Structure formats: C-alpha cells, structure tokens
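File shown: work.cif (mmCIF, C-alpha atoms).
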data_my_file
#
loop_
_atom_site.group_PDB
_atom_site.id
_atom_site.type_symbol
_atom_site.label_atom_id
_atom_site.label_comp_id
_atom_site.auth_asym_id
_atom_site.auth_seq_id
_atom_site.Cartn_x
_atom_site.Cartn_y
_atom_site.Cartn_z
ATOM 1 C CA MET F 6 18.141 -36.481 -42.891
ATOM 2 C CA MET F 7 14.546 -37.126 -41.819
ATOM 3 C CA TRP F 8 12.022 -37.717 -44.566
ATOM 4 C CA LEU F 9 9.042 -35.394 -44.194
ATOM 5 C CA GLN F 10 5.762 -36.112 -45.903
ATOM 6 C CA LYS F 11 2.822 -33.750 -45.747
ATOM 7 C CA LYS F 12 -0.299 -35.083 -44.053
ATOM 8 C CA SER F 13 -3.386 -35.642 -46.160
ATOM 9 C CA MET F 14 -6.770 -34.217 -45.184
ATOM 10 C CA GLN F 15 -7.683 -37.730 -44.023
ATOM 11 C CA ASP F 16 -4.551 -37.844 -41.837
ATOM 12 C CA LEU F 17 -5.517 -34.509 -40.277
ATOM 13 C CA HIS F 18 -8.984 -35.805 -39.290
ATOM 14 C CA ARG F 19 -10.601 -32.514 -40.256
ATOM 15 C CA ALA F 20 -14.337 -32.067 -40.353
ATOM 16 C CA GLU F 21 -16.098 -31.209 -43.578
ATOM 17 C CA LEU F 22 -18.397 -28.195 -43.775
ATOM 18 C CA SER F 23 -21.183 -30.736 -44.119
ATOM 19 C CA THR F 24 -20.540 -32.057 -40.589
ATOM 20 C CA LEU F 25 -21.751 -30.552 -37.366
ATOM 21 C CA ARG F 26 -19.198 -29.934 -34.640
ATOM 22 C CA LEU F 27 -20.890 -30.636 -31.314
ATOM 23 C CA HIS F 28 -18.118 -29.287 -29.106
ATOM 24 C CA LYS F 29 -16.814 -25.712 -29.384
ATOM 25 C CA MET F 30 -14.186 -24.017 -27.257
ATOM 26 C CA PRO F 31 -16.139 -21.730 -24.845
ATOM 27 C CA ILE F 32 -14.653 -18.559 -26.320
ATOM 28 C CA ILE F 33 -16.420 -15.700 -28.109
ATOM 29 C CA VAL F 34 -14.188 -13.273 -30.005
ATOM 30 C CA ILE F 35 -15.402 -9.698 -30.440
ATOM 31 C CA LEU F 36 -13.779 -7.617 -33.168
ATOM 32 C CA GLU F 37 -14.496 -3.967 -32.412
ATOM 33 C CA ASP F 38 -13.998 -1.314 -35.110
ATOM 34 C CA ILE F 39 -11.507 -3.319 -37.170
ATOM 35 C CA ARG F 40 -10.485 -1.352 -40.281
ATOM 36 C CA SER F 41 -9.057 -4.205 -42.334
ATOM 37 C CA GLY F 42 -11.230 -6.903 -43.826
ATOM 38 C CA LEU F 43 -8.032 -8.928 -44.280
ATOM 39 C CA ASN F 44 -7.499 -8.888 -40.493
ATOM 40 C CA ILE F 45 -11.117 -9.927 -39.925
ATOM 41 C CA GLY F 46 -10.794 -12.803 -42.404
ATOM 42 C CA SER F 47 -7.582 -13.958 -40.730
ATOM 43 C CA VAL F 48 -9.317 -14.015 -37.341
ATOM 44 C CA PHE F 49 -12.112 -16.112 -38.891
ATOM 45 C CA ARG F 50 -9.541 -18.595 -40.174
ATOM 46 C CA THR F 51 -7.772 -18.760 -36.814
ATOM 47 C CA SER F 52 -11.106 -19.112 -35.004
ATOM 48 C CA ASP F 53 -11.962 -22.070 -37.224
ATOM 49 C CA ALA F 54 -8.577 -23.685 -36.519
ATOM 50 C CA PHE F 55 -9.091 -23.423 -32.765
ATOM 51 C CA ASN F 56 -12.812 -24.243 -32.784
ATOM 52 C CA VAL F 57 -14.008 -20.904 -31.368
ATOM 53 C CA GLN F 58 -17.687 -20.726 -30.427
ATOM 54 C CA GLU F 59 -18.504 -17.434 -32.176
ATOM 55 C CA ILE F 60 -17.173 -14.160 -33.587
ATOM 56 C CA ILE F 61 -19.096 -10.944 -32.952
ATOM 57 C CA LEU F 62 -18.296 -8.065 -35.281
ATOM 58 C CA SER F 63 -19.065 -4.592 -34.001
ATOM 59 C CA GLY F 64 -18.773 -0.926 -34.867
ATOM 60 C CA TYR F 65 -17.525 -0.254 -38.364
ATOM 61 C CA SER F 66 -15.969 -3.714 -38.777
ATOM 62 C CA ALA F 67 -16.858 -5.156 -42.169
ATOM 63 C CA VAL F 68 -19.048 -8.262 -42.277
ATOM 64 C CA PRO F 69 -19.057 -11.240 -44.639
ATOM 65 C CA PRO F 70 -19.291 -11.495 -47.611
ATOM 66 C CA HIS F 71 -16.880 -8.544 -47.784
ATOM 67 C CA ARG F 72 -14.237 -9.317 -50.457
ATOM 68 C CA GLU F 73 -11.206 -8.860 -48.168
ATOM 69 C CA ILE F 74 -12.728 -11.038 -45.436
ATOM 70 C CA LEU F 75 -13.419 -13.849 -47.891
ATOM 71 C CA LYS F 76 -9.893 -13.587 -49.337
ATOM 72 C CA THR F 77 -8.191 -14.501 -46.056
ATOM 73 C CA ALA F 78 -10.959 -16.485 -44.343
ATOM 74 C CA LEU F 79 -10.933 -19.223 -47.011
ATOM 75 C CA ASP F 80 -14.538 -20.263 -46.218
ATOM 76 C CA ALA F 81 -14.105 -20.017 -42.426
ATOM 77 C CA THR F 82 -17.068 -17.604 -42.510
ATOM 78 C CA LEU F 83 -19.118 -20.732 -43.201
ATOM 79 C CA SER F 84 -17.673 -22.817 -40.362
ATOM 80 C CA VAL F 85 -17.514 -20.192 -37.596
ATOM 81 C CA LYS F 86 -20.761 -18.790 -36.227
ATOM 82 C CA TRP F 87 -20.769 -15.007 -36.421
ATOM 83 C CA SER F 88 -23.049 -12.067 -35.777
ATOM 84 C CA TYR F 89 -22.963 -8.278 -35.860
ATOM 85 C CA SER F 90 -23.759 -5.879 -33.012
ATOM 86 C CA ASP F 91 -23.792 -2.098 -33.239
ATOM 87 C CA GLN F 92 -24.409 -1.857 -29.464
ATOM 88 C CA ILE F 93 -21.250 -3.323 -27.942
ATOM 89 C CA VAL F 94 -22.048 -2.372 -24.343
ATOM 90 C CA ASN F 95 -25.539 -3.900 -24.552
ATOM 91 C CA ARG F 96 -24.114 -7.078 -26.092
ATOM 92 C CA LEU F 97 -21.431 -7.355 -23.399
ATOM 93 C CA THR F 98 -24.073 -6.851 -20.694
ATOM 94 C CA MET F 99 -26.129 -9.690 -22.195
ATOM 95 C CA LEU F 100 -23.085 -11.975 -22.390
ATOM 96 C CA ARG F 101 -22.209 -11.271 -18.747
ATOM 97 C CA ALA F 102 -25.803 -12.168 -17.759
ATOM 98 C CA GLU F 103 -25.293 -15.462 -19.624
ATOM 99 C CA GLY F 104 -22.268 -16.229 -17.415
ATOM 100 C CA TYR F 105 -19.377 -15.078 -19.581
ATOM 101 C CA THR F 106 -16.222 -13.493 -18.187
ATOM 102 C CA ILE F 107 -15.153 -10.532 -20.341
ATOM 103 C CA ALA F 108 -11.524 -9.762 -21.149
ATOM 104 C CA ALA F 109 -9.950 -7.151 -23.392
ATOM 105 C CA ILE F 110 -6.748 -7.933 -25.223
ATOM 106 C CA GLU F 111 -5.181 -4.574 -24.453
ATOM 107 C CA GLN F 112 -2.187 -2.829 -22.937
ATOM 108 C CA VAL F 113 -3.607 -1.242 -19.785
ATOM 109 C CA HIS F 114 -2.423 -0.741 -16.224
ATOM 110 C CA ALA F 115 -3.003 -3.929 -14.201
ATOM 111 C CA SER F 116 -3.259 -6.140 -17.313
ATOM 112 C CA VAL F 117 -2.448 -9.828 -16.849
ATOM 113 C CA PRO F 118 0.407 -11.218 -18.962
ATOM 114 C CA LEU F 119 -0.938 -13.846 -21.355
ATOM 115 C CA ASP F 120 1.181 -16.645 -19.888
ATOM 116 C CA GLN F 121 -0.348 -16.024 -16.445
ATOM 117 C CA VAL F 122 -4.013 -16.255 -17.476
ATOM 118 C CA ASP F 123 -5.903 -19.333 -16.269
ATOM 119 C CA PHE F 124 -8.412 -19.773 -19.095
ATOM 120 C CA ASN F 125 -10.008 -22.781 -17.394
ATOM 121 C CA SER F 126 -11.188 -20.659 -14.467
ATOM 122 C CA SER F 127 -12.248 -17.786 -16.768
ATOM 123 C CA ALA F 128 -14.340 -19.835 -19.216
ATOM 124 C CA PRO F 129 -16.748 -19.235 -20.747
ATOM 125 C CA LEU F 130 -14.891 -16.179 -21.942
ATOM 126 C CA VAL F 131 -15.363 -13.211 -24.266
ATOM 127 C CA LEU F 132 -12.147 -11.850 -25.780
ATOM 128 C CA ILE F 133 -12.329 -8.314 -27.216
ATOM 129 C CA LEU F 134 -9.825 -7.182 -29.833
ATOM 130 C CA GLY F 135 -9.993 -3.525 -30.802
ATOM 131 C CA ASN F 136 -9.147 -1.159 -33.592
ATOM 132 C CA GLU F 137 -5.712 -1.452 -35.205
ATOM 133 C CA VAL F 138 -4.719 2.080 -34.090
ATOM 134 C CA HIS F 139 -6.836 2.960 -31.044
ATOM 135 C CA GLY F 140 -7.373 -0.495 -29.510
ATOM 136 C CA VAL F 141 -10.409 -1.498 -27.451
ATOM 137 C CA SER F 142 -12.808 1.387 -26.817
ATOM 138 C CA GLU F 143 -13.162 2.948 -23.375
ATOM 139 C CA ALA F 144 -16.832 1.875 -23.353
ATOM 140 C CA ALA F 145 -15.898 -1.770 -23.932
ATOM 141 C CA LEU F 146 -13.004 -1.594 -21.427
ATOM 142 C CA ALA F 147 -15.467 -0.415 -18.771
ATOM 143 C CA CYS F 148 -17.367 -3.710 -19.220
ATOM 144 C CA CYS F 149 -14.306 -5.949 -18.803
ATOM 145 C CA ASP F 150 -13.441 -8.143 -15.842
ATOM 146 C CA PHE F 151 -9.743 -7.992 -16.734
ATOM 147 C CA ALA F 152 -7.326 -7.282 -19.579
ATOM 148 C CA ILE F 153 -4.797 -9.621 -21.124
ATOM 149 C CA GLU F 154 -1.496 -8.322 -22.467
ATOM 150 C CA VAL F 155 0.805 -10.219 -24.814
ATOM 151 C CA PRO F 156 4.350 -9.585 -23.513
ATOM 152 C CA GLN F 157 6.636 -8.111 -26.177
ATOM 153 C CA SER F 158 10.269 -7.004 -26.376
ATOM 154 C CA GLY F 159 10.563 -5.244 -29.732
ATOM 155 C CA VAL F 160 10.582 -1.600 -30.729
ATOM 156 C CA LYS F 161 6.949 -1.566 -31.903
ATOM 157 C CA HIS F 162 4.435 -1.423 -29.078
ATOM 158 C CA SER F 163 1.813 -3.796 -30.478
ATOM 159 C CA LEU F 164 1.067 -6.764 -32.717
ATOM 160 C CA ASN F 165 -1.187 -6.858 -35.765
ATOM 161 C CA ILE F 166 -4.642 -7.835 -34.453
ATOM 162 C CA ALA F 167 -4.786 -11.009 -36.546
ATOM 163 C CA VAL F 168 -1.422 -12.137 -35.169
ATOM 164 C CA CYS F 169 -2.444 -11.145 -31.644
ATOM 165 C CA ALA F 170 -5.676 -13.146 -31.985
ATOM 166 C CA GLY F 171 -3.661 -16.173 -33.103
ATOM 167 C CA VAL F 172 -1.271 -15.954 -30.162
ATOM 168 C CA VAL F 173 -4.074 -15.534 -27.599
ATOM 169 C CA LEU F 174 -6.349 -18.190 -29.104
ATOM 170 C CA TRP F 175 -3.470 -20.675 -29.220
ATOM 171 C CA GLN F 176 -2.939 -20.120 -25.489
ATOM 172 C CA CYS F 177 -6.683 -20.649 -24.884
ATOM 173 C CA TYR F 178 -6.605 -23.782 -27.010
ATOM 174 C CA GLN F 179 -3.613 -25.187 -25.129
ATOM 175 C CA GLN F 180 -5.440 -24.885 -21.825
ATOM 176 C CA LEU F 181 -9.023 -25.615 -22.846
ATOM 177 C CA GLU F 182 -8.856 -28.043 -25.750
ATOM 178 C CA LEU F 183 -5.680 -30.068 -25.936
ATOM 179 C CA ASN F 184 -6.842 -32.155 -22.974
ATOM 180 C CA TYR F 185 -10.212 -32.757 -24.592
ATOM 181 C CA LYS F 186 -9.799 -36.270 -25.986
ATOM 182 C CA SER F 187 -12.726 -36.824 -28.316
ATOM 183 C CA ILE F 188 -14.262 -34.087 -30.399
ATOM 184 C CA THR F 189 -17.394 -35.641 -31.849
ATOM 185 C CA TYR F 190 -18.663 -35.053 -35.358
ATOM 186 C CA VAL F 191 -22.115 -36.023 -36.564
ATOM 187 C CA GLU F 192 -22.880 -36.462 -40.250
ATOM 188 C CA HIS F 193 -26.070 -34.819 -41.465
#
For the structure just supplied, provide its representation as structure tokens.
Amino acid sequence: MMWLQKKSMQDLHRAELSTLRLHKMPIIVILEDIRSGLNIGSVFRTSDAFNVQEIILSGYSAVPPHREILKTALDATLSVKWSYSDQIVNRLTMLRAEGYTIAAIEQVHASVPLDQVDFNSSAPLVLILGNEVHGVSEAALACCDFAIEVPQSGVKHSLNIAVCAGVVLWQCYQQLELNYKSITYVEH
C-alpha cells in the first residue's frame, strides 16, 4: 500500500494574503441574481483556487460581508477582486469595449459543449452564471457572444451554480494556466 502524506502549506507554494499576485487568469465571473450566499461564497473560493481576475455580483446577489458568503468563501473575498453592478447590460457593454468576449454558462440552442470551447482564443473572457432557478437573464443573454453548456447525462437538467462554476473554471484553468510556468509573487 502506498503511504500518503498530506502536503504542508509550504509544499503547496501558496501565496499569503499579504502577497500580491501579479498574474491573474484573464477571466471575469459574473454572478447574476444568485439567491444563495453559500453559492456565492463557494464561487469566491473556487475563483481564488483558479486565480480568477474578478467576480462581479449583480442583481439581487448578496455581497460580502454577507454571513453565508463568508461561511463558504473562507477569506477568498479578501483575495479575489470583486465589485457590484446593478446595471448588467451597461457593465457587459463596457467589458466588451475593453476587449472581453462574453459567454453565458447556459443551456440554450446553439450552445457550445464545454469540452469544445477554446478558451485561449476567447480570452479575455467574461463568464456569466445566472439564477439557480431561472438561469442567465434574457437581457444578459442578448449581450453574449456565445453560450457554454456543461454536458450532463442524469435525470436533473442542471448543476448547482457553485459546482457548475468549478467545472467550467477548471476547464479554463487547464487551458489558460497549467502551461504558465512561473506565477510571480511580490512581497509587500
């Protein structure tokens, strides 16, 4: 039997909150009308793990320091840049003008299966995740360049948004970051 020993924080080469990460994955995650602060906190934690550039909260999504967000984020609200926008269409228009490609994570006609998305050619990229029941709003969908769908085989027709964010961000990370050899940290 193989002997397994957990890695220490030093073995993991993780940055401290007191360090500045110079390189971020060119992905902005928008959480539109998310009901659960626990889902929002989980997306913060996942975004920290995969070095996401920013999270934009919109609509009636709770914002930090909401208790449920803090419970699952485990301080990721301090390591991931975030902002709030009550005008999602205006914000998406500004991001497009800055050169971002905009994609909804949504089940729509003509969506692209996640495993067929070339994130390198789409970056920098905005990923929109919508409400747990109704999904991405029609107004936000109208601003999108394309939609990404996570293929599924089960009886339920969707994933929890925090799980969906993890699956999609892992795919982004595989394509955009795993080839990046030296993430630089600067002490300050």
I want to know what sits within 10 Å of Asp120 of chain F, based on all atoms listed in the file, with residues of the same chain fewer than 4 positions away left out; could you give that as a CSV table (one decimal) with C-alpha atoms, keeping the file's coordinate frame?
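New file part_7.csv:
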chain,number,residue,atom,x,y,z
F,153,ILE,CA,-4.8,-9.6,-21.1
F,154,GLU,CA,-1.5,-8.3,-22.5
F,155,VAL,CA,0.8,-10.2,-24.8
F,156,PRO,CA,4.4,-9.6,-23.5
F,173,VAL,CA,-4.1,-15.5,-27.6
F,176,GLN,CA,-2.9,-20.1,-25.5
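Evaluating the PyMOL selection byres ((chain F and resi 109-117) around 7) against the shown model yields Ile107, Ala108, Pro118, Leu119, Gln121, Val122, Leu132, Ile133, Leu134, Gly140, Val141, Leu146, Cys149, Phe151, Ala152, Ile153 and Glu154 of chain F.
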> So how many Å separate atom CA of Trp175 of chain F and atom CA of Glu103 of chain F, to one decimal?
Replying inline: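 Computing the Euclidean distance for atom CA of Trp175 of chain F and atom CA of Glu103 of chain F yields 24.4 Å.
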> Given the file above and the PyMOL selection byres ((chain F and resi 96-100) around 10), which residues are selected, and can you give them as a ChimeraX atom specification?
Replying inline: /F:33,35,61,63,89-95,101-107,129-131,133,145,148-149
> Once the PyMOL selection byres ((chain F and resi 138) around 12) has been applied to the shown file, what residues remain in the selection, as a list in words?
Replying inline: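 Answer for the PyMOL selection byres ((chain F and resi 138) around 12): Glu37, Asp38, Ile39, Arg40, Ser41, Glu111, Leu134, Gly135, Asn136, Glu137, His139, Gly140, Val141, Ser142, His162, Ser163, Leu164, Asn165 and Ile166 of chain F.
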> If you measure from atom CA of Phe49 of chain F to atom CA of Ala20 of chain F, what distance in Å do you get, rounded to one decimal?
Replying inline: 16.2 Å
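Taking only C-alpha atoms into account, those protein, DNA and RNA residues with any atom at most 10 Å away from (-18.4, -23.1, -24.5) amount to F:His28, F:Lys29, F:Met30, F:Pro31, F:Ile32, F:Ile33, F:Val57, F:Gln58, F:Glu59, F:Tyr105, F:Ala128, F:Pro129, F:Leu130, F:Leu181.
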> Contacts of segment 68-83 of chain F at 7 Å or less, counting all atoms listed in the file, minus same-chain residues fewer than 3 places along, as a PyMOL selection string?
Replying inline: chain F and resi 42-43+45-47+49-50+53
> In Å to one decimal, how far is atom CA of Met14 of chain F from atom CA of Thr51 of chain F?
Replying inline: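 Those two atoms sit 17.6 Å apart.
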Calculate, to one decimal in Å, the centre and edge lengths of the box along x, y and z of the file that holds all listed atoms of segment 35-54 of chain F with 6 Å of margin on each side, and present them as lines of an AutoDock Vina configuration file.
center_x = -11.5
center_y = -12.5
center_z = -37.4
size_x = 19.9
size_y = 34.4
size_z = 25.8
> Between F:Val34, F:Val160, F:Cys169, F:Ala147, which is the closest to Ser52 of chain F once you count only C-alpha atoms?
Replying inline: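 Smallest distance to Ser52 of chain F is found for F:Val34.
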> If you count all atoms listed in the file, which residues fall within 10 Å of Ala54 of chain F, apart from same-chain ones fewer than 5 positions away, as a ChimeraX atom specification?
Replying inline: /F:19,48-49,81,84-85,171,174-175,178
Would you save the residues of that selection, restricted to C-alpha atoms, as a short mmCIF file (atom, residue, chain, number, x, y, z; two decimals), in the coordinates of the input?
data_model
loop_
_atom_site.label_atom_id
_atom_site.label_comp_id
_atom_site.auth_asym_id
_atom_site.auth_seq_id
_atom_site.Cartn_x
_atom_site.Cartn_y
_atom_site.Cartn_z
CA ARG F 19 -10.60 -32.51 -40.26
CA VAL F 48 -9.32 -14.02 -37.34
CA PHE F 49 -12.11 -16.11 -38.89
CA ALA F 81 -14.10 -20.02 -42.43
CA SER F 84 -17.67 -22.82 -40.36
CA VAL F 85 -17.51 -20.19 -37.60
CA GLY F 171 -3.66 -16.17 -33.10
CA LEU F 174 -6.35 -18.19 -29.10
CA TRP F 175 -3.47 -20.68 -29.22
CA TYR F 178 -6.60 -23.78 -27.01
#
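If you measure from each of F:Val168, F:Asp150, F:Ser88, F:Cys177 to Asp123 of chain F using only C-alpha atoms, the closest one turns out to be F:Cys177.
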